[in-house]
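One structure below.
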Amino acid sequence: MVLASAYNSTDDNAWCPGCGNFGVLRALKQALVSLNLEPWQVLMVSGIGQAAKIPHYLKVNCFNGLHGRSMPAAFGAKMANHKMTVIAAGGDGDAYAEGGNHFVHAMRRNPDITYLVHDNQIYGLTKGQASPTTGLGTLTGTTPFGSVDIPESPLAVAVAMDCSFVARGFAGDLEHLSKIIGAAVKHRGFSLVDILQPCVTFNKVNTYQWYKERVYNLDEDAAYDPKDRTKAFTKALEWGDRIPTGIIYKHERPVFEDSIFKPADKSLSRQPLNPPAPLELLRKYA
Amino acid sequence: MVLASAYNSTDDNAWCPGCGNFGVLRALKQALVSLNLEPWQVLMVSGIGQAAKIPHYLKVNCFNGLHGRSMPAAFGAKMANHKMTVIAAGGDGDAYAEGGNHFVHAMRRNPDITYLVHDNQIYGLTKGQASPTTGLGTLTGTTPFGSVDIPESPLAVAVAMDCSFVARGFAGDLEHLSKIIGAAVKHRGFSLVDILQPCVTFNKVNTYQWYKERVYNLDEDAAYDPKDRTKAFTKALEWGDRIPTGIIYKHERPVFEDSIFKPADKSLSRQPLNPPAPLELLRKYA
Amino acid sequence: MTKDITVGISGAAGMGMQSISFTLAKSFLRAGYNVFVWQDVMSRIRGGNNTSIIRISTSPVNSIKESFDVLVALDLLAIKRNALKVKAGGFLLYDGEKQRAEEPKAGWISVPFEKLAAEAGGDKIMMNSAATGAVLALLGADVSKECDEVIAELFSKKGEAAVTANLRALKAGIAAVTPGISGRFMLAPTLKTNSKNKVLVNGSEALGLGAVSAGLKFYAGYPMSPATSIMEYVAAKSREFGIVMEQAEDEIAAINMAVGAGYGGVRAMTCTSGGGFALMTEGVSLAGMTETPVVIGISQRPGPATGFPTRTEQGDLNMTLFAGHGDFARVILAPSSAADGPVIMGRAFNLAEKYQIPVFVLSDQYFNDSTFSVDLNKVKTEPVDRGKLLLEFSGNYNYKRYDLSDGRVSARLIPGAKDQVVYADSDEHTEEGHITESAEIRLKMLDKRAGKLAELAKVMEQPAYYGSEKPEIVLVSWGSSLGAVTEAVDMLNVSGKSAGALHFTDIWPLPEMKPGFKISSGLKYIGVENNYSGQFADIFEKHTGIKFSKRVLRYDGHPLTAEYIIRGLEG
Amino acid sequence: MTKDITVGISGAAGMGMQSISFTLAKSFLRAGYNVFVWQDVMSRIRGGNNTSIIRISTSPVNSIKESFDVLVALDLLAIKRNALKVKAGGFLLYDGEKQRAEEPKAGWISVPFEKLAAEAGGDKIMMNSAATGAVLALLGADVSKECDEVIAELFSKKGEAAVTANLRALKAGIAAVTPGISGRFMLAPTLKTNSKNKVLVNGSEALGLGAVSAGLKFYAGYPMSPATSIMEYVAAKSREFGIVMEQAEDEIAAINMAVGAGYGGVRAMTCTSGGGFALMTEGVSLAGMTETPVVIGISQRPGPATGFPTRTEQGDLNMTLFAGHGDFARVILAPSSAADGPVIMGRAFNLAEKYQIPVFVLSDQYFNDSTFSVDLNKVKTEPVDRGKLLLEFSGNYNYKRYDLSDGRVSARLIPGAKDQVVYADSDEHTEEGHITESAEIRLKMLDKRAGKLAELAKVMEQPAYYGSEKPEIVLVSWGSSLGAVTEAVDMLNVSGKSAGALHFTDIWPLPEMKPGFKISSGLKYIGVENNYSGQFADIFEKHTGIKFSKRVLRYDGHPLTAEYIIRGLEG
Ligand SMILES: Cc1ncc(C[n+]2csc(CCOP(=O)(O)OP(=O)(O)O)c2C)c(N)n1
Ligand SMILES: Cc1ncc(C[n+]2csc(CCOP(=O)(O)OP(=O)(O)O)c2C)c(N)n1
Ligand code: SF4
Ligand code: SF4
Ligand SMILES: [Mg+2]
Ligand SMILES: [Mg+2]
């Protein structure tokens with residue numbers, strides 16, 4: 001039995017008091033504990049942003065790389081350590097702007113990686129510019145006359161890419177979020193969890209209150225079948241008075257690692273190198 | 001009346017005999033002629049690849065930039081010349097791999113640009129590696145044991161991004177393709193035309209024959225309503241025995257330029273600079 | 001009587017240190033002093049420890065001092081991290097009722113900021129006005145009229161009540177300092193008329209307004225400290241001056257948009273910091289190959305990778321010089337102070353268009369985030385010169401974008417000209433702009449593009465020389481370090497060591513050097529830079545053949561100061 | 001009797017020039033000759049004009065000649081573009097029945113390739129075997145047995161009939177050359193035993209197999225000529241040797257994947273060319289900051305931008321040296337010939353892991369696409385040394401990734417070790433790998449990372465010296481130009497000018513130099529490079545203080561040749 005305290009980090013937390021990121025941190029810890037994983041079995045990869053600092057605030061293996069590049073770094077780290085639980089994390093700018101291309105292509109590969117996107121609909125660390133999910137008309141540092149680019153629905157894109165697990169969480173609902181994260185980690189294949197995460201400093205529109213008035217728990221709707229792609233697409237686009245949280249789309253698809261490793265294989269990083277001799281390879285050119 | 005010959009280029013054509021690109025070239029010329037546009041009124045921007053050479057083979061203004069970067073270069077050129085007809089072109093690798101992020105964000109902005117993607121499901125210029133649209137299991141230079149990453153449906157992604165005009169053409173059907181391109185150029189807003197374009201040299205799977213056996217003309221189906229987003233999503237995903245060509249999704253959305261320019265405005269590049277004096281700006285800091 | 005005072009305002013991010021420093025700086029500026037403010041900040045939105053450092057002087061200042069005459073410590077961490085930086089005889093102002101952790105030392109003065117704010121009838125945040133008042137009291141100078149005005153302007157949008165309450169808090173702060181200590185520093189008086197035509201502007205604003213006044217019409221960028229504020233400046237002005245400003249999805253998009261707009265015929269710019277610029281390097285090469293004018297601002301911060309994101313360094317010069325594959329001409333300019341903004345940006349756009357090349361403006365966090373006193377009478381400007389730009393071209397589809405017949409710069413026709421088309425090409429190309437496989441054309445085109453450098457070297461400006469006419473040592477420096485270096489020269493000359501500073505704002509290509517001072521035997525050259533290896537020193541040595549006898553380098557994230565340079569010369 | 005013959009095979013892309021050159025090269029190799037093949041190609045899939053240039057010699061050759069003894073022209077354009085390159089006394093073989101445009105000149109021999117192919121019972125493509133035969137006839141040497149074997153191997157997968165028909169076409173081609181001309185060049189005989197242990201391998205294959213034999217376990221890349229073939233080699237071998245190979249969506253993904261895998265604990269590599277590398281530079285900085293081993297292959301081609309995509313240049317050295325923002329240590333190696341593949345790649349991975357840095361392997365189109373004769377007895381190898389790599393670490397969550405207590409390289413624990421976690425961080429960080437704001441730690445960490453360079457300089461290898469013991473001139477060169485430079489030295493020494501070549505494969509950091517020849521007064525140094533400005537020459541001058549009296553530079557997309565160098569020395 002792993003205790004939650006096993007995950008405690010001594011690193012000084014740099015988030016603003018009241019930030020939604022704290023909810024994500026708590027939910028993630030709870031999910032890892034419920035999965036009975038030890039800190040050393042977990043490898044987190046993150047980008048740059050307020051959200052991307054999260055691995056420092058739990059005790060896990062961590063590659064805190066570049067802004068927007070968590071996906072490829074996570075893929076490389078996973079291929080070297082496919083027996084480990086790999087979780088990537090970052091903000092909405094990190095994931096959908098700078099990292100937009102990697103996000104799309106990670107879904108094509110379907111490695112067994114969970115991606116937590118702390119979606120505060122704003123750039124936090126750089127002090128309040130528009131992100132790809134910022135609502136139309138929003139005033140930000142770079143959109144002083146209101147944002148004119150329509151917000152992306154990452155969930156709809158994920159369904160369009162046939163991502164094998166697509167969910168939305170809310171940082172203000174610890175229990176549900178922790179369940180969603182747990183399910184995402186357990187799911188074999190690429191899992192996206194887009195998390196509504198209030199930024200109390202820079203996003204004065206999408207507040208806790210704003211989200212609370214809108215979110216509902218889709219997982220409680222027994223009639224909803226997350227395997228139906230068309231329905232999932234419609235559900236993914238639902239955004240207004242009602243915003244669904246929970247598992248929007250989920251299905252089984254071949255996992256990237258399975259095209260390479262056999263079930264009994266150790267992680268590559270723990271296998272002996274055993275390279276062929278150069279002469280052996282050269283002799284083929286006689 | 002503009003004649004097709006007005007568009008003739010003297011530049012030596014570097015495509016393989018029989019390549020689907022010739023069909024695209026012919027259809028594009030025909031569309032421009034039918035729109036009665038003079039060569040100097042048209043500005044093409046392309047990336048790098050076999051497809052991306054197309055502006056050299058007609059006579060138009062042309063910025064032939066970097067692999068994957070036609071979208072941002074086209075955006076910049078359009079903002080400087082919003083009264084011109086701007087068309088971007090490139091291959092499937094150019095558009096959906098190297099340029100994947102720009103593709104997604106161009107749709108958010110919705111500038112009045114038409115994007116022709118010559119989708120041969122392979123990297124032509126670099127001699128036959130997998131592209132984002134290469135079918136599962138295909139043997140290529142980089143997938144000698146069969147491609148394992150699922151092919152992207154660019155049309156589905158475009159619908160998910162609420163792209164204002166989404167169509168598929170086939171290089172083997174000149175008349176239909178030319179109509180589609182014409183409609184795309186006429187449409188105000190961002191238009192994607194993904195064009196099935198046989199690569200006779202490197203793609204031995206998706207041949208003229210293969211496509212011909214599968215494509216059908218959706219535009220002839222009076223019952224199909226391209227404004228219905230959910231239906232469009234399903235249609236965009238149709239790929240197998242039957243492959244729809246024609247306009248998959250189309251609707252009106254605010255166009256980026258309209259947030260900046262008034263209808264009477266000349267193109268920025270043709271307005272006098274008239275910058276404010278530095279002292280005028282500095283005095284505000286007294 | 002003191003002529004030069006340094007005040008630190010320290011506290012957690014979000015506490016409002018910048019509003020205190022702004023109020024103080026503006027008040028003293030209007031009273032006729034010279035002021036300079038630097039922000040020493042952590043990468044945090046709330047919490048941590050940030051310090052605004054304000055220097056107030058009777059003579060011009062463009063750099064900071066390392067220690068404080070007065071420190072306002074708004075929380076315990078501020079005391080912990082900064083108390084030792086207070087000079088002997090200096091004061092630390094803190095709210096003893098709230099920050100009780102330590103035994104107060106000599107010079108620590110408790111002022112109950114929070115209580116004063118509450119009494120003034122405002123909420124906690126008004127403690128900033130109380131703190132401002134306490135500082136005013138210590139500095140003795142009569143700037144209360146100016147300060148009242150500044151506070152009134154600052155809070156006017158929050159309503160009359162806010163103004164009155166803040167003014168009350170200000171007075172309470174002034175009164176809270178006991179008479180014996182009050183006025184202790186007694187700043188030497190200046191003439192208020194000195195303030196005529198003086199403004200307070202930070203480096204980012206100076207670059208932003210420089211660009212706007214140079215005719216910027218297209219800006220695309222991606223947020224990155226310390227460059228974001230340039231973009232936000234341009235965004236705010238975009239409607240008024242008809243500029244298209246768009247936040248790109250990434251830096252690659254930003255540079256390609258700007259190059260597209262440059263091809264399209266407008267003055268285009270993008271700004272970023274080192275990490276973002278790394279992503280732009282292919283785009284730089286594109287501008288080089290297509291001969292497209294574009295201005296790229298690089299606001300440096302310490303690397304590698306994410307590095308020390310809110311600190312300063314001049315560490316990206318080598319990368320800027322060699323960014324992009326292949327050989328082509330480029331220009332690098334580095335402003336020395338905010339006053340340079342208009343002329344540097346004006347020249348950047350002119351050089352970009354006249355030579356059809358990418359031009360870099362290299363600043364840094366110290367420059368961008370510092371607030372300078374700028375004398376409007378001394379601001380140089382540069383008239384717009386768009387070079388060989390054409391809107392029409394006679395004939396019928398006969399224009400050649402890369403015509404080789406008229407030197408290295410071909411006439412640049414803007415697309416949309418009747419009966420002409422304009423081909424720009426990232427492949428090696430013919431005069432018409434079509435892809436070529438000819439080795440012969442390749443040679444000519446490469447000579448054309450790269451050969452512009454020699455022509456540019458003739459129009460680059462001489463370094464500024466400051467100091468002794470017959471120096472024993474010459475400090476060689478560039479960009480934002482001018483203030484610190486000239487101050488070091490003054491200190492050296494005062495101490496009897498004959499010194500001068502040769503300071504560069506035109507970094508690449510270097511002009512043929514006309515030193516501006518008498519070269520004597522035994523003259524020593526010292527490279528002074530805010531980076532690890534002395535990147536400019538390497539370029540200078542190669543260009544001039546002169547070897548530095550020493551390099552004074554700083555790379556701990558802090559800016560160069562006169563004290564640091566003097567220590568470095570001694571050490 | 002001729003000892004050194006150059007044969008050009010020219011035609012449109014898709015006509016099969018490479019299969020002719022392959023057959024010839026392999027046949028002569030097996031017969032005991034040294035062979036070298038370079039591909040001079042356009043950026044086309046079909047059409048245009050490409051030439052395979054084969055050199056056959058009794059002594060070792062690693063470079064090409066500029067003119068041909070024999071040219072096989074498979075179409076009209078091939079004649080047009082190459083006829084003038086045929087030496088006086090040389091021959092041009094063409095199919096006069098098909099290519100009738102010009103009046104044949106002296107030395108033009110019509111061989112009806114297509115007809116011979118048809119008669120041999122095959123389809124048109126068999127004209128390649130007929131052409132091969134015609135060349136064999138001219139060269140006189142008895143290699144027909146070897147050639148039969150090679151053809152049999154080549155066509156065996158197409159079935160017995162294809163083999164027989166091709167052999168028939170070959171014989172017909174031999175017979176078609178009239179006796180008086182046949183054997184005109186009469187290549188000097190060699191011993192077939194010379195061919196023992198000799199293989200024919202191109203540069204890309206050499207790098208690919210070098211990496212695989214060094215224990216490569218992860219490769220990510222994005223196609224870009226001339227680097228794509230390295231990726232395709234690794235892909236083909238991935239199953240057999242348990243390598244994860246993935247085509248990335250772009251170069252940024254590729255480098256970040258490789259760095260992620262390097263952190264993850266396996267030997268990881270990515271390869272690209274200049275334009276793709278420009279996109280990787282931020283990732284390079286990431287490797288520098290996180291101290292992650294990674295090997296980056298850069299196969300240069302002429303820039304800027306898309307440039308001259310299928311041609312050659314050594315123009316990306318500066319970019320490689322300064323790629324990425326901030327200061328950190330890196331290594332640059334540049335192989336001289338395919339025989340270097342294993343040792344260079346072995347050293348690259350060892351240095352990357354021992355010093356926990358990015359290591360670059362800089363080649364070029366000339367290197368990657370050329371086929372070298374490699375003597376297996378002379379192939380050096382390098383045993384695997386993974387440096388301070390740990391799989392376990394005793395204690396309980398007490399491991400520090402950036403421990404400062406043991407010099408500049410900290411022990412590198414691989415994630416997944418029981419009761420330990422490994423933090424790698426792109427921000428400035430503490431020993432534990434957490435984000436820090438401390439200037440003091442910043443200084444220590446930067447000294448740690450950048451200071452590795454001085455340690456590396458001690459282990460870098462001396463340049464190879466070739467030529468006169470007491471030279472009057474020394475050619476200084478690097479990487480792929482070894483063959484051309486040593487040949488130039490031979491030519492100079494034969495002509496009575498005492499010359500030597502100082503050739504570098506270890507490019508950065510440069511080792512302390514032990515020249516390997518006697519330095520005489522009046523000794524002249526000449527920089528020889530395949531680029532516009534002499535990028536290595538600059539580095540060499542700075543490092544050694546030696547000034548070049550001349551730089552022989554080539555930047556028209558063609559490789560350096562001995563003739564070009566000699567002309568350059570004279571000009
Ligand atoms: C290449 C690069 N570009 C830009 C930045 C600056 N930057 C750091 S975080 C960030 C965006 C932060 O927004 P988001 O990803 O939504 O994270 P949040 O802070 O909101 O959690 C940016 C633009 C960077 N570090 N690197
Ligand atoms: C940054 C960069 N990476 C890679 C390349 C090499 N490259 C040129 S075209 C191309 C892909 C071609 O495929 P596609 O875009 O589908 O066009 P096609 O040739 O099939 O029409 C690649 C990888 C490049 N020019 N620039
Ligand atoms: S800025 Fe916003 S997202 Fe960042 S820590 Fe503060 S509240 Fe959270
Ligand atoms: S390689 Fe394929 S896509 Fe390219 S020109 Fe040839 S047939 Fe067309
Ligand atoms: Mg965010
Ligand atoms: Mg393609």
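Identifiers in the structure tokens: chain A, B, ... in order shown; residue index from 1 per chain; ligand index from 1 in order shown.
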
Can you tell me, as an mmCIF file with C-alpha atoms, in the first residue's frame, what residues are no more than 6 Å from stretch 260-275 of chain D when counting only C-alpha atoms, ignoring any on the same chain fewer than 3 positions away?
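As written to disk, selection.cif reads:
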data_model
loop_
_atom_site.group_PDB
_atom_site.id
_atom_site.type_symbol
_atom_site.label_atom_id
_atom_site.label_comp_id
_atom_site.auth_asym_id
_atom_site.auth_seq_id
_atom_site.Cartn_x
_atom_site.Cartn_y
_atom_site.Cartn_z
ATOM 1 C CA ALA A 73 10.093 13.881 -24.891
ATOM 2 C CA GLY A 76 11.250 8.986 -26.166
ATOM 3 C CA ALA A 77 11.301 8.381 -22.421
ATOM 4 C CA ALA A 80 13.235 3.617 -23.258
ATOM 5 C CA SER A 269 16.992 1.061 -20.730
ATOM 6 C CA GLU C 282 15.223 28.246 -40.265
ATOM 7 C CA HIS C 325 22.178 27.431 -42.351
ATOM 8 C CA LEU D 216 21.897 2.721 -30.826
ATOM 9 C CA LYS D 217 18.516 1.879 -29.302
ATOM 10 C CA PHE D 218 16.351 4.836 -30.260
ATOM 11 C CA TYR D 219 16.195 6.784 -33.479
ATOM 12 C CA ALA D 220 13.711 9.478 -34.393
ATOM 13 C CA GLY D 221 14.015 11.577 -37.484
ATOM 14 C CA MET D 224 15.633 15.285 -45.356
ATOM 15 C CA ALA D 227 20.301 12.396 -44.241
ATOM 16 C CA ASN D 256 12.928 16.086 -28.302
ATOM 17 C CA MET D 257 12.134 12.391 -28.682
ATOM 18 C CA ALA D 278 17.852 24.794 -37.642
ATOM 19 C CA THR D 292 21.374 14.566 -21.573
ATOM 20 C CA PRO D 293 23.503 12.533 -23.977
ATOM 21 C CA VAL D 294 22.282 12.621 -27.538
ATOM 22 C CA VAL D 295 23.930 12.162 -30.928
ATOM 23 C CA ILE D 296 22.870 14.445 -33.758
ATOM 24 C CA GLY D 297 23.916 13.726 -37.300
ATOM 25 C CA ILE D 298 23.965 16.700 -39.639
ATOM 26 C CA SER D 299 24.396 15.828 -43.289
ATOM 27 C CA GLN D 300 25.135 19.167 -44.857
ATOM 28 C CA ILE D 414 18.269 5.833 -15.181
#

Using only C-alpha atoms, I'd like every residue of chain C that has an atom within 7 Å of chain D; please write them out as a PyMOL selection string. chain C and resi 42+274-275+278-279+281-282+285-286+288-289+302-308+315-316+318-319+322-327+426-428+437+439+442-443+532+555-557

Residues just named, written with C-alpha atoms as an mmCIF file, in the first residue's frame:
data_model
loop_
_atom_site.group_PDB
_atom_site.id
_atom_site.type_symbol
_atom_site.label_atom_id
_atom_site.label_comp_id
_atom_site.auth_asym_id
_atom_site.auth_seq_id
_atom_site.Cartn_x
_atom_site.Cartn_y
_atom_site.Cartn_z
ATOM 1 C CA MET C 42 11.593 35.634 -9.915
ATOM 2 C CA GLY C 274 16.669 33.015 -27.074
ATOM 3 C CA GLY C 275 14.596 29.847 -26.815
ATOM 4 C CA ALA C 278 16.191 29.079 -31.684
ATOM 5 C CA LEU C 279 12.957 27.968 -33.327
ATOM 6 C CA THR C 281 16.497 30.090 -37.223
ATOM 7 C CA GLU C 282 15.223 28.246 -40.265
ATOM 8 C CA SER C 285 17.674 31.488 -43.389
ATOM 9 C CA LEU C 286 14.509 31.824 -45.478
ATOM 10 C CA GLY C 288 18.340 35.394 -46.248
ATOM 11 C CA MET C 289 17.637 33.205 -49.266
ATOM 12 C CA PRO C 302 20.044 33.478 -19.511
ATOM 13 C CA GLY C 303 20.042 30.051 -21.187
ATOM 14 C CA PRO C 304 20.438 27.284 -22.063
ATOM 15 C CA ALA C 305 16.894 26.011 -22.589
ATOM 16 C CA THR C 306 14.318 27.570 -20.263
ATOM 17 C CA GLY C 307 17.226 28.816 -18.204
ATOM 18 C CA PHE C 308 16.773 31.669 -15.799
ATOM 19 C CA GLY C 315 24.397 35.355 -24.144
ATOM 20 C CA ASP C 316 22.677 35.015 -27.517
ATOM 21 C CA ASN C 318 26.819 34.018 -31.182
ATOM 22 C CA MET C 319 23.546 32.305 -31.917
ATOM 23 C CA PHE C 322 25.248 32.218 -36.914
ATOM 24 C CA ALA C 323 21.551 31.399 -36.857
ATOM 25 C CA GLY C 324 20.339 29.693 -39.983
ATOM 26 C CA HIS C 325 22.178 27.431 -42.351
ATOM 27 C CA GLY C 326 24.154 28.773 -45.279
ATOM 28 C CA ASP C 327 25.937 32.076 -45.781
ATOM 29 C CA SER C 426 13.711 29.404 -50.930
ATOM 30 C CA ASP C 427 15.559 27.115 -53.333
ATOM 31 C CA GLU C 428 18.578 28.374 -55.185
ATOM 32 C CA GLU C 437 20.161 23.447 -60.776
ATOM 33 C CA ALA C 439 26.185 25.811 -60.396
ATOM 34 C CA ARG C 442 24.391 29.413 -57.653
ATOM 35 C CA LEU C 443 27.760 31.100 -57.469
ATOM 36 C CA TYR C 532 29.991 33.426 -19.848
ATOM 37 C CA TYR C 555 26.718 35.335 -15.953
ATOM 38 C CA ASP C 556 24.824 34.870 -12.718
ATOM 39 C CA GLY C 557 21.661 36.388 -14.167
#

For C:Ala339, work out the shell of residues within 9 Å, counting only C-alpha atoms and skipping chain neighbours fewer than 6 positions away, then give it as a list in words. Val201, Gly203, Ala206, Phe372, Ser373, Val374, Asp375, Leu376, Lys378, Val379 and Lys380 of chain C

Write the residues of the preceding selection, restricted to N, CA, C and O atoms, as a compact mmCIF listing (two decimals), in the first residue's frame.
# COMPACT_ATOMS: atom_id res chain seq x y z
N VAL C 201 10.50 55.84 -19.60
CA VAL C 201 10.01 54.81 -20.52
C VAL C 201 10.89 53.58 -20.38
O VAL C 201 12.10 53.68 -20.14
N GLY C 203 12.54 49.82 -21.65
CA GLY C 203 13.18 49.36 -22.87
C GLY C 203 12.19 48.75 -23.86
O GLY C 203 12.26 49.01 -25.06
N ALA C 206 10.24 51.40 -25.48
CA ALA C 206 11.09 52.16 -26.41
C ALA C 206 11.23 51.41 -27.73
O ALA C 206 11.19 52.01 -28.81
N PHE C 372 13.96 53.98 -18.00
CA PHE C 372 15.00 54.98 -18.21
C PHE C 372 14.39 56.38 -18.21
O PHE C 372 13.27 56.56 -18.68
N SER C 373 15.15 57.35 -17.77
CA SER C 373 14.75 58.76 -18.00
C SER C 373 15.27 59.14 -19.37
O SER C 373 16.46 59.03 -19.63
N VAL C 374 14.36 59.55 -20.21
CA VAL C 374 14.77 59.90 -21.57
C VAL C 374 14.54 61.40 -21.81
O VAL C 374 13.44 61.91 -21.57
N ASP C 375 15.58 62.06 -22.25
CA ASP C 375 15.48 63.47 -22.58
C ASP C 375 15.04 63.59 -24.04
O ASP C 375 15.78 63.24 -24.95
N LEU C 376 13.85 64.09 -24.23
CA LEU C 376 13.29 64.11 -25.60
C LEU C 376 14.12 64.95 -26.56
O LEU C 376 14.14 64.69 -27.76
N LYS C 378 17.16 64.89 -26.81
CA LYS C 378 18.32 64.13 -27.26
C LYS C 378 17.94 62.87 -28.04
O LYS C 378 18.81 62.06 -28.41
N VAL C 379 16.67 62.67 -28.24
CA VAL C 379 16.24 61.46 -28.96
C VAL C 379 16.51 61.62 -30.45
O VAL C 379 15.99 62.54 -31.09
N LYS C 380 17.33 60.75 -30.97
CA LYS C 380 17.62 60.80 -32.40
C LYS C 380 16.55 60.02 -33.16
O LYS C 380 16.01 59.04 -32.66

Specify as a list in words all residues of chain B found within 6 Å of chain C, counting only C-alpha atoms.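 The selection requested is Trp40, Gln41, Val60, Asn61, Cys62, Phe63, Asn64, Gly65, Pro72, Ala73, Gly76, Ala77, Ala80, Ser269, Leu273, Pro275, Pro276, Ala277, Pro278, Tyr285 and Ala286 of chain B.
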
Could you give me the residues within stretch 68-118 of chain B that DSSP places in strand (DSSP E), as a list of chain:residue names?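 The strand (DSSP E) residues within stretch 68-118 of chain B come out as B:Thr85, B:Val86, B:Ile87, B:Ala88, B:Ala89, B:Gly90, B:Gly91, B:Ile113, B:Thr114, B:Tyr115, B:Leu116, B:Val117, B:His118.
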
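Near chain B, within 8 Å and using only C-alpha atoms, the residues of chain A are Ala97, Gly99, Gly100, Asn101, Val104, Arg108, Arg109, Asn110, Val148, Asp149, Ile150, Pro151, Glu152, Ser153, Ala156, Val157, Ala160, Met161, Thr230, Phe233, Thr234, Phe256 and Ser259 of chain A.
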
Which residues are near D:Phe367? Cut-off 8 Å, only C-alpha atoms, ignore same chain within fewer than 6 positions. Put them as a list in words.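 Neighbouring residues, sequence-local ones excluded: Asn202, Gly203, Ser204, Ser336, Ser337, Ala338 and Ser480 of chain D.
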
Writer output for current selection, all heavy atoms, as a compact mmCIF listing (two decimals), in the first residue's frame:
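The result, written out as out.txt:
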# COMPACT_ATOMS: atom_id res chain seq x y z
N ASN D 202 28.43 3.09 -48.73
CA ASN D 202 28.34 4.55 -48.85
C ASN D 202 28.34 5.22 -47.48
O ASN D 202 28.22 4.56 -46.44
CB ASN D 202 27.20 4.99 -49.76
CG ASN D 202 25.83 4.93 -49.11
OD1 ASN D 202 25.69 4.98 -47.90
ND2 ASN D 202 24.81 4.81 -49.94
N GLY D 203 28.48 6.52 -47.49
CA GLY D 203 28.64 7.26 -46.25
C GLY D 203 27.46 7.10 -45.31
O GLY D 203 27.63 6.92 -44.11
N SER D 204 26.26 7.16 -45.86
CA SER D 204 25.08 7.02 -45.02
C SER D 204 25.05 5.65 -44.34
O SER D 204 24.75 5.54 -43.15
CB SER D 204 23.81 7.16 -45.86
OG SER D 204 23.63 8.49 -46.23
N SER D 336 35.85 11.37 -42.33
CA SER D 336 36.58 11.65 -43.57
C SER D 336 36.22 10.68 -44.68
O SER D 336 36.33 11.02 -45.85
CB SER D 336 38.08 11.51 -43.33
OG SER D 336 38.48 12.36 -42.30
N SER D 337 35.88 9.48 -44.30
CA SER D 337 35.51 8.49 -45.32
C SER D 337 34.65 7.44 -44.64
O SER D 337 34.55 7.42 -43.41
CB SER D 337 36.76 7.85 -45.92
OG SER D 337 37.24 6.87 -45.03
N ALA D 338 34.04 6.58 -45.44
CA ALA D 338 33.12 5.59 -44.88
C ALA D 338 33.80 4.70 -43.85
O ALA D 338 33.16 4.23 -42.91
CB ALA D 338 32.52 4.74 -46.00
N SER D 480 34.82 15.49 -44.95
CA SER D 480 34.74 14.70 -46.17
C SER D 480 35.78 15.04 -47.23
O SER D 480 35.89 14.33 -48.22
CB SER D 480 33.36 14.87 -46.80
OG SER D 480 33.22 16.20 -47.26

List all protein, DNA and RNA residues that have at least one atom no more than 12 Å from any atom of ligand 3, counting only C-alpha atoms and all ligand atoms, and write them as JSON, numbers by chain. {"A": [13, 14, 15, 16, 17, 18, 19, 20, 21, 22, 23, 24, 25, 48, 49, 50, 51, 52, 53, 54, 90, 91, 92, 93, 117, 118, 119, 120, 121, 122, 123, 124, 125, 126, 127, 128, 129, 171, 196, 197, 198, 199, 200, 201, 202, 203, 204, 206, 207, 208], "C": [13, 14, 43, 44, 45, 46, 47]}

For D:Ala165, find every residue with an atom within 7 Å (counting only C-alpha atoms), except residues of its own chain fewer than 3 positions away, and show them as a list of chain:residue names. D:Ala120, D:Gly121, D:Gly122, D:Ala161, D:Ala162, D:Arg168, D:Ala169
